[in-house]
There are 2 protein chains.
Amino acid sequence: MTAADNGDGAETLARRARLLAPTYRLFYRQPLQIVRADGVWMYDQHGRAYLDAYNNVPVVGHCHAYVVDALTRQARTLNTHTRYLAEEPLQLAEELLATMPEEIGRLIFTCTGSEANDLAVRVCKAVTGGTGFIVTDFAYHGVTDVLAGMSPEDGGPLGPGVYTVPGPRSREDRAAFAERVRECLGRMQADGVRLAALLVDTIFASDGVFAEPRGFLADAVRHVRAAGGLFIADEVQPGFGRLGDAMWGFQRHGVTPDLVTMGKPMGNGHPVAAVAARASVFEQFAKHRHYFNTYGGNSVSCAAALAVLQVIRNENLIDNARRTGEYLQRGLRALAERHRAIREVRGAGLFLGVELGANDQSGLSGSAETARVVNAMRDRAVLVGSTGRNGDVLKIRSPLTFQPQHADLLLEALDRSLQTVA
Amino acid sequence: MTAADNGDGAETLARRARLLAPTYRLFYRQPLQIVRADGVWMYDQHGRAYLDAYNNVPVVGHCHAYVVDALTRQARTLNTHTRYLAEEPLQLAEELLATMPEEIGRLIFTCTGSEANDLAVRVCKAVTGGTGFIVTDFAYHGVTDVLAGMSPEDGGPLGPGVYTVPGPRSREDRAAFAERVRECLGRMQADGVRLAALLVDTIFASDGVFAEPRGFLADAVRHVRAAGGLFIADEVQPGFGRLGDAMWGFQRHGVTPDLVTMGKPMGNGHPVAAVAARASVFEQFAKHRHYFNTYGGNSVSCAAALAVLQVIRNENLIDNARRTGEYLQRGLRALAERHRAIREVRGAGLFLGVELGANDQSGLSGSAETARVVNAMRDRAVLVGSTGRNGDVLKIRSPLTFQPQHADLLLEALDRSLQTVA
């Protein structure tokens, strides 16, 4: 609770309107004021605990002591950039590259997933000489000027040279995905646009969370390569073990990307991100350009990211994401048998989507129904979000320390919320 | 010293080549391996102390205890984003806006100066409907795809709609600056390009550090506004009191920008940045777009930035920048009387440029001479850099805690370096 606030957040809301740009959006009909967090729990100004099943950034749990200690120790010792020789960025690069296929051999640090995707785009343009990019039709890849034009979810116009293919929304869409990419390559060629890359989020989060069947991406990538293009795997959301079977989403699809971008969970909330790529790709880029990112690869960011990797290993969090994710997915499927509003349960590990459909009685659209469920769950102190082209998919994406007892709390809150509002 | 290194950095260099992209560059002929830092001092793996007269990011001094404590305390408590209500981003926005003219009334947080400039560009495009930008001909504004096209220093081609005016290199250039901007507006109009904004770094750092005469920017801004464009003051380098007379470089020029971008020193090394603007500008942008930056305005970044502002006030660092800067500038001018290699001493506060010229005996270019001086000073344990279109300007840009005794050390090292290599 702020000193100036009487406890209901109204004063904070008013200050926010007075100080921040109106581009900001809050979650929930009744916005939450959060004052502290620990593990999978967030606490409001009245001390009420909320189960965090939404935030993917605090991947090892909010305020994890090991990460905070590493951050503190390094911040007391040194925080500088990559134009001096230092151990931290090298150790981090080594550990990250060790989680990837051997072909992905070099790394550049940035500070955010947006900077990572923006750099990957720059690299692909420079290396191929092309300007043509293929993204899905409800993709989200970041906030920079060039990425806004590659993020149809953002609602703005596509950038020059940007083409879309339908997101893999249905079983048929997934089966046809490669063919649609091939058709898109044809359109691009007919327009005289030279191909640069295919850029996809390997869990298709903004499209609505699509993990299955494993491998449906592989043929699409083959078509892109045959046409002289590169493949950027956007791992900003699926990366760091969230899908429960490996560190990276592309590994589910049995493909080796040319570039891999990572961000959000990398520092458990500390701004750190990176692009990894085949050595030859960066070598080509380096012929055209230097790249220096002031904070990118700074000592403290690297220490935070190294601590996160250590915790993921120490606490077997990839395995936990798989096990707890399977448990939660079974529970969601059981709910689906009792609630007609649930159309589909999907995802992998601790990145799950629950598609809701119009309930005959309510007459609500899937989108309105989903918004009501998200708000009802918030009122029951369980935090989830929504996603998808129609806004009709519950997005469940907890810290990877989520346990079966937390899944039970979520399932109970969802069960009750569906009873009352769906 | 790394475990694997014998102490000369060779092993670290080899690992770096094996792990990082070849886009990275190191400072100095003999790169420095830095293992800790404190105040204005950085220490190599042998414990040798180097006086830091280069790094503007650790603005209140390396590893300042007040900032580290604030960072640690917040990292232990909460690190989350702006989609919940929280006190930290509001307090930070309030304190930052209080340092600016009243017209600059709203703020958006980002993580880096590049993200801030990129967002300012997006905003100006959306608000004006234009794509035309004017920058100086050796400007540097950041690393994103769109900013690389507005950063001729980067060496790549200009982006579409980007026009340059000569940097204000000579007294005549400064006097003619507004007229050149006016001519540039005419070229843009003749090409049928609609104006969006003038974007300049208010200390013209990459152009070669040009602070005087105060106000030479004002008429240029008037021309831009008369033509329907906006003015973005890039304060990423000059901001946060470095110029010694106010918080922001635009205040030297008696102009009120439409947008102000800030970054580098804002978190003393922690990645935090922002765009402030007139409320009407952000209101216009918000009609077209939302903007959410995952880490932008997160609790820990805000705590770090709030601590930096507090230290700047507590330790009177703006005043110190002015006083120590004047002392150092007097010393540099005294050196210039004895060393023909020094062509000009310029700048403001603790952002100084020393232009070097070909020495008759050496036959070196200003650029080669400057590189030799920078390396000779490094060997004397004083860290400075170089800048400018011809690479012939020593860039002196220490933490703002620099004292006269540090200035004396710098002056002595420069005196000796000029004797031996210039």
# chains A, B, ... in the order shown; residues from 1 in each chain; ligands from 1

$ select_by_dssp --residues "range 302-355 of chain A" --states "strand (DSSP E or B)" --output "mmCIF file with N, CA and C atoms, in the first residue's frame"
data_model
loop_
_atom_site.group_PDB
_atom_site.id
_atom_site.type_symbol
_atom_site.label_atom_id
_atom_site.label_comp_id
_atom_site.auth_asym_id
_atom_site.auth_seq_id
_atom_site.Cartn_x
_atom_site.Cartn_y
_atom_site.Cartn_z
ATOM 1 N N ILE A 342 -15.218 -25.617 -22.059
ATOM 2 C CA ILE A 342 -13.832 -25.910 -22.454
ATOM 3 C C ILE A 342 -13.840 -26.657 -23.786
ATOM 4 N N ARG A 343 -13.296 -26.005 -24.786
ATOM 5 C CA ARG A 343 -13.245 -26.628 -26.118
ATOM 6 C C ARG A 343 -12.018 -27.510 -26.292
ATOM 7 N N GLU A 344 -10.878 -27.018 -25.799
ATOM 8 C CA GLU A 344 -9.633 -27.778 -26.018
ATOM 9 C C GLU A 344 -8.621 -27.407 -24.939
ATOM 10 N N VAL A 345 -7.866 -28.406 -24.508
ATOM 11 C CA VAL A 345 -6.739 -28.199 -23.592
ATOM 12 C C VAL A 345 -5.484 -28.561 -24.377
ATOM 13 N N ARG A 346 -4.500 -27.652 -24.393
ATOM 14 C CA ARG A 346 -3.309 -27.975 -25.189
ATOM 15 C C ARG A 346 -2.069 -27.301 -24.604
ATOM 16 N N GLY A 347 -0.931 -27.578 -25.231
ATOM 17 C CA GLY A 347 0.315 -26.998 -24.750
ATOM 18 C C GLY A 347 1.296 -28.082 -24.353
ATOM 19 N N ALA A 348 2.347 -27.658 -23.697
ATOM 20 C CA ALA A 348 3.403 -28.588 -23.280
ATOM 21 C C ALA A 348 4.036 -28.046 -22.016
ATOM 22 N N PHE A 351 3.429 -24.542 -20.157
ATOM 23 C CA PHE A 351 2.882 -23.543 -21.079
ATOM 24 C C PHE A 351 1.608 -24.142 -21.654
ATOM 25 N N LEU A 352 0.478 -23.858 -21.011
ATOM 26 C CA LEU A 352 -0.776 -24.495 -21.398
ATOM 27 C C LEU A 352 -1.785 -23.454 -21.875
ATOM 28 N N GLY A 353 -2.610 -23.891 -22.809
ATOM 29 C CA GLY A 353 -3.708 -23.065 -23.294
ATOM 30 C C GLY A 353 -5.012 -23.835 -23.122
ATOM 31 N N VAL A 354 -6.036 -23.151 -22.649
ATOM 32 C CA VAL A 354 -7.359 -23.771 -22.497
ATOM 33 C C VAL A 354 -8.337 -22.938 -23.324
ATOM 34 N N GLU A 355 -8.741 -23.494 -24.459
ATOM 35 C CA GLU A 355 -9.631 -22.726 -25.328
ATOM 36 C C GLU A 355 -11.067 -22.847 -24.830
#

$ residues_around --residues "Val260 in chain A" --least-positions-apart "5" --cutoff "6 Å" --atoms "only C-alpha atoms" --output "number ranges by chain"
A: 232-233, 275-276

$ interface_residues --of "chain A" --to "chain B" --cutoff "7 Å" --atoms "only C-alpha atoms" --output "ChimeraX atom specification"
/A:2,16,19-27,31-37,63,68,72,75-79,83-87,90,93-94,105-108,115,118-119,122,144-146,269,271,282-283,286,289-292,295

$ residues_around --residues "Thr370 in chain B" --least-positions-apart "4" --cutoff "10 Å" --atoms "only C-alpha atoms" --output "number ranges by chain"
B: 341, 354-358, 364-366, 374-376, 385-387, 390-395, 418, 421-422

$ write_last_selection --atoms "C-alpha atoms" --output "PDB file, in the first residue's frame"
ATOM      1  CA  ALA B 341      48.921  18.308 -30.948  1.00  0.00           C
ATOM      2  CA  VAL B 354      39.987  17.095 -26.815  1.00  0.00           C
ATOM      3  CA  GLU B 355      40.572  17.313 -30.547  1.00  0.00           C
ATOM      4  CA  LEU B 356      44.048  16.255 -31.614  1.00  0.00           C
ATOM      5  CA  GLY B 357      45.682  17.251 -34.877  1.00  0.00           C
ATOM      6  CA  ALA B 358      48.578  15.991 -36.966  1.00  0.00           C
ATOM      7  CA  LEU B 364      50.349  10.868 -38.069  1.00  0.00           C
ATOM      8  CA  SER B 365      46.756  11.658 -38.842  1.00  0.00           C
ATOM      9  CA  GLY B 366      44.624  13.006 -35.996  1.00  0.00           C
ATOM     10  CA  VAL B 374      44.299   6.576 -25.839  1.00  0.00           C
ATOM     11  CA  ASN B 375      46.520   3.480 -25.657  1.00  0.00           C
ATOM     12  CA  ALA B 376      49.385   5.332 -24.010  1.00  0.00           C
ATOM     13  CA  GLY B 385      38.168   6.869 -25.369  1.00  0.00           C
ATOM     14  CA  SER B 386      37.928   8.542 -28.750  1.00  0.00           C
ATOM     15  CA  THR B 387      35.084   9.879 -30.837  1.00  0.00           C
ATOM     16  CA  ASN B 390      37.632  11.636 -37.902  1.00  0.00           C
ATOM     17  CA  GLY B 391      38.279   9.649 -34.721  1.00  0.00           C
ATOM     18  CA  ASP B 392      40.489  12.517 -33.616  1.00  0.00           C
ATOM     19  CA  VAL B 393      38.749  13.563 -30.408  1.00  0.00           C
ATOM     20  CA  LEU B 394      39.634  12.209 -26.976  1.00  0.00           C
ATOM     21  CA  LYS B 395      36.354  11.419 -25.222  1.00  0.00           C
ATOM     22  CA  LEU B 418      51.383  13.530 -25.601  1.00  0.00           C
ATOM     23  CA  VAL B 421      53.454   9.459 -28.774  1.00  0.00           C
ATOM     24  CA  ALA B 422      51.908  12.584 -30.282  1.00  0.00           C
TER      25      ALA B 422
END

$ residues_around --residues "Gly349 in chain A" --least-positions-apart "5" --cutoff "10 Å" --atoms "only C-alpha atoms" --output "PDB file with N, CA and C atoms, in the first residue's frame"
ATOM      1  N   ALA A 211       1.438 -26.698 -29.461  1.00  0.00           N
ATOM      2  CA  ALA A 211       2.677 -27.472 -29.282  1.00  0.00           C
ATOM      3  C   ALA A 211       2.689 -28.747 -30.115  1.00  0.00           C
ATOM      4  N   PRO A 238       8.838 -19.681 -25.097  1.00  0.00           N
ATOM      5  CA  PRO A 238       8.935 -21.115 -24.777  1.00  0.00           C
ATOM      6  C   PRO A 238      10.258 -21.555 -24.163  1.00  0.00           C
ATOM      7  N   GLY A 241      13.299 -24.249 -20.743  1.00  0.00           N
ATOM      8  CA  GLY A 241      12.763 -25.460 -20.134  1.00  0.00           C
ATOM      9  C   GLY A 241      11.273 -25.484 -19.892  1.00  0.00           C
ATOM     10  N   ARG A 242      10.588 -24.393 -20.243  1.00  0.00           N
ATOM     11  CA  ARG A 242       9.157 -24.295 -19.926  1.00  0.00           C
ATOM     12  C   ARG A 242       8.340 -25.429 -20.527  1.00  0.00           C
ATOM     13  N   LEU A 243       8.738 -25.924 -21.718  1.00  0.00           N
ATOM     14  CA  LEU A 243       7.913 -26.944 -22.378  1.00  0.00           C
ATOM     15  C   LEU A 243       8.124 -28.341 -21.800  1.00  0.00           C
ATOM     16  N   GLY A 244       9.099 -28.448 -20.890  1.00  0.00           N
ATOM     17  CA  GLY A 244       9.181 -29.652 -20.067  1.00  0.00           C
ATOM     18  C   GLY A 244       9.974 -30.805 -20.646  1.00  0.00           C
ATOM     19  N   ASP A 245      10.391 -30.726 -21.912  1.00  0.00           N
ATOM     20  CA  ASP A 245      11.160 -31.856 -22.421  1.00  0.00           C
ATOM     21  C   ASP A 245      12.570 -31.473 -22.826  1.00  0.00           C
ATOM     22  N   ALA A 246      12.823 -30.190 -22.950  1.00  0.00           N
ATOM     23  CA  ALA A 246      14.152 -29.731 -23.336  1.00  0.00           C
ATOM     24  C   ALA A 246      14.231 -28.244 -23.018  1.00  0.00           C
ATOM     25  N   ILE A 318      13.237 -28.432 -15.414  1.00  0.00           N
ATOM     26  CA  ILE A 318      12.684 -28.871 -16.703  1.00  0.00           C
ATOM     27  C   ILE A 318      11.838 -30.125 -16.471  1.00  0.00           C
ATOM     28  N   ASP A 319      12.399 -31.017 -15.670  1.00  0.00           N
ATOM     29  CA  ASP A 319      11.667 -32.229 -15.322  1.00  0.00           C
ATOM     30  C   ASP A 319      10.387 -31.882 -14.556  1.00  0.00           C
ATOM     31  N   ASN A 320      10.502 -30.929 -13.649  1.00  0.00           N
ATOM     32  CA  ASN A 320       9.318 -30.513 -12.882  1.00  0.00           C
ATOM     33  C   ASN A 320       8.260 -29.892 -13.801  1.00  0.00           C
ATOM     34  N   ALA A 321       8.717 -29.113 -14.784  1.00  0.00           N
ATOM     35  CA  ALA A 321       7.757 -28.508 -15.721  1.00  0.00           C
ATOM     36  C   ALA A 321       6.989 -29.605 -16.454  1.00  0.00           C
ATOM     37  N   ARG A 322       7.704 -30.667 -16.833  1.00  0.00           N
ATOM     38  CA  ARG A 322       7.053 -31.771 -17.535  1.00  0.00           C
ATOM     39  C   ARG A 322       6.060 -32.473 -16.608  1.00  0.00           C
ATOM     40  N   ARG A 323       6.538 -32.815 -15.388  1.00  0.00           N
ATOM     41  CA  ARG A 323       5.696 -33.595 -14.485  1.00  0.00           C
ATOM     42  C   ARG A 323       4.491 -32.793 -13.992  1.00  0.00           C
ATOM     43  N   THR A 324       4.753 -31.589 -13.483  1.00  0.00           N
ATOM     44  CA  THR A 324       3.628 -30.784 -12.997  1.00  0.00           C
ATOM     45  C   THR A 324       2.721 -30.390 -14.155  1.00  0.00           C
ATOM     46  N   GLY A 325       3.342 -30.132 -15.313  1.00  0.00           N
ATOM     47  CA  GLY A 325       2.554 -29.773 -16.496  1.00  0.00           C
ATOM     48  C   GLY A 325       1.617 -30.898 -16.907  1.00  0.00           C
ATOM     49  N   GLU A 326       2.126 -32.142 -16.880  1.00  0.00           N
ATOM     50  CA  GLU A 326       1.276 -33.292 -17.233  1.00  0.00           C
ATOM     51  C   GLU A 326       0.137 -33.443 -16.230  1.00  0.00           C
ATOM     52  N   TYR A 327       0.488 -33.272 -14.953  1.00  0.00           N
ATOM     53  CA  TYR A 327      -0.522 -33.379 -13.890  1.00  0.00           C
ATOM     54  C   TYR A 327      -1.619 -32.329 -14.104  1.00  0.00           C
ATOM     55  N   LEU A 328      -1.185 -31.106 -14.366  1.00  0.00           N
ATOM     56  CA  LEU A 328      -2.143 -30.015 -14.568  1.00  0.00           C
ATOM     57  C   LEU A 328      -2.980 -30.253 -15.822  1.00  0.00           C
ATOM     58  N   GLN A 329      -2.323 -30.734 -16.876  1.00  0.00           N
ATOM     59  CA  GLN A 329      -3.045 -30.966 -18.132  1.00  0.00           C
ATOM     60  C   GLN A 329      -4.094 -32.073 -17.950  1.00  0.00           C
ATOM     61  N   ARG A 397       0.888 -20.231 -17.434  1.00  0.00           N
ATOM     62  CA  ARG A 397       2.314 -20.145 -17.731  1.00  0.00           C
ATOM     63  C   ARG A 397       3.051 -19.755 -16.450  1.00  0.00           C
ATOM     64  N   LEU A 400       8.348 -22.195 -13.056  1.00  0.00           N
ATOM     65  CA  LEU A 400       8.588 -23.636 -13.254  1.00  0.00           C
ATOM     66  C   LEU A 400       8.700 -24.393 -11.926  1.00  0.00           C
TER      67      LEU A 400
END

$ residues_around --residues "Leu185 in chain A" --least-positions-apart "5" --cutoff "8 Å" --atoms "only C-alpha atoms" --output "list in words"
Leu195, Val224 and Ala227 of chain A
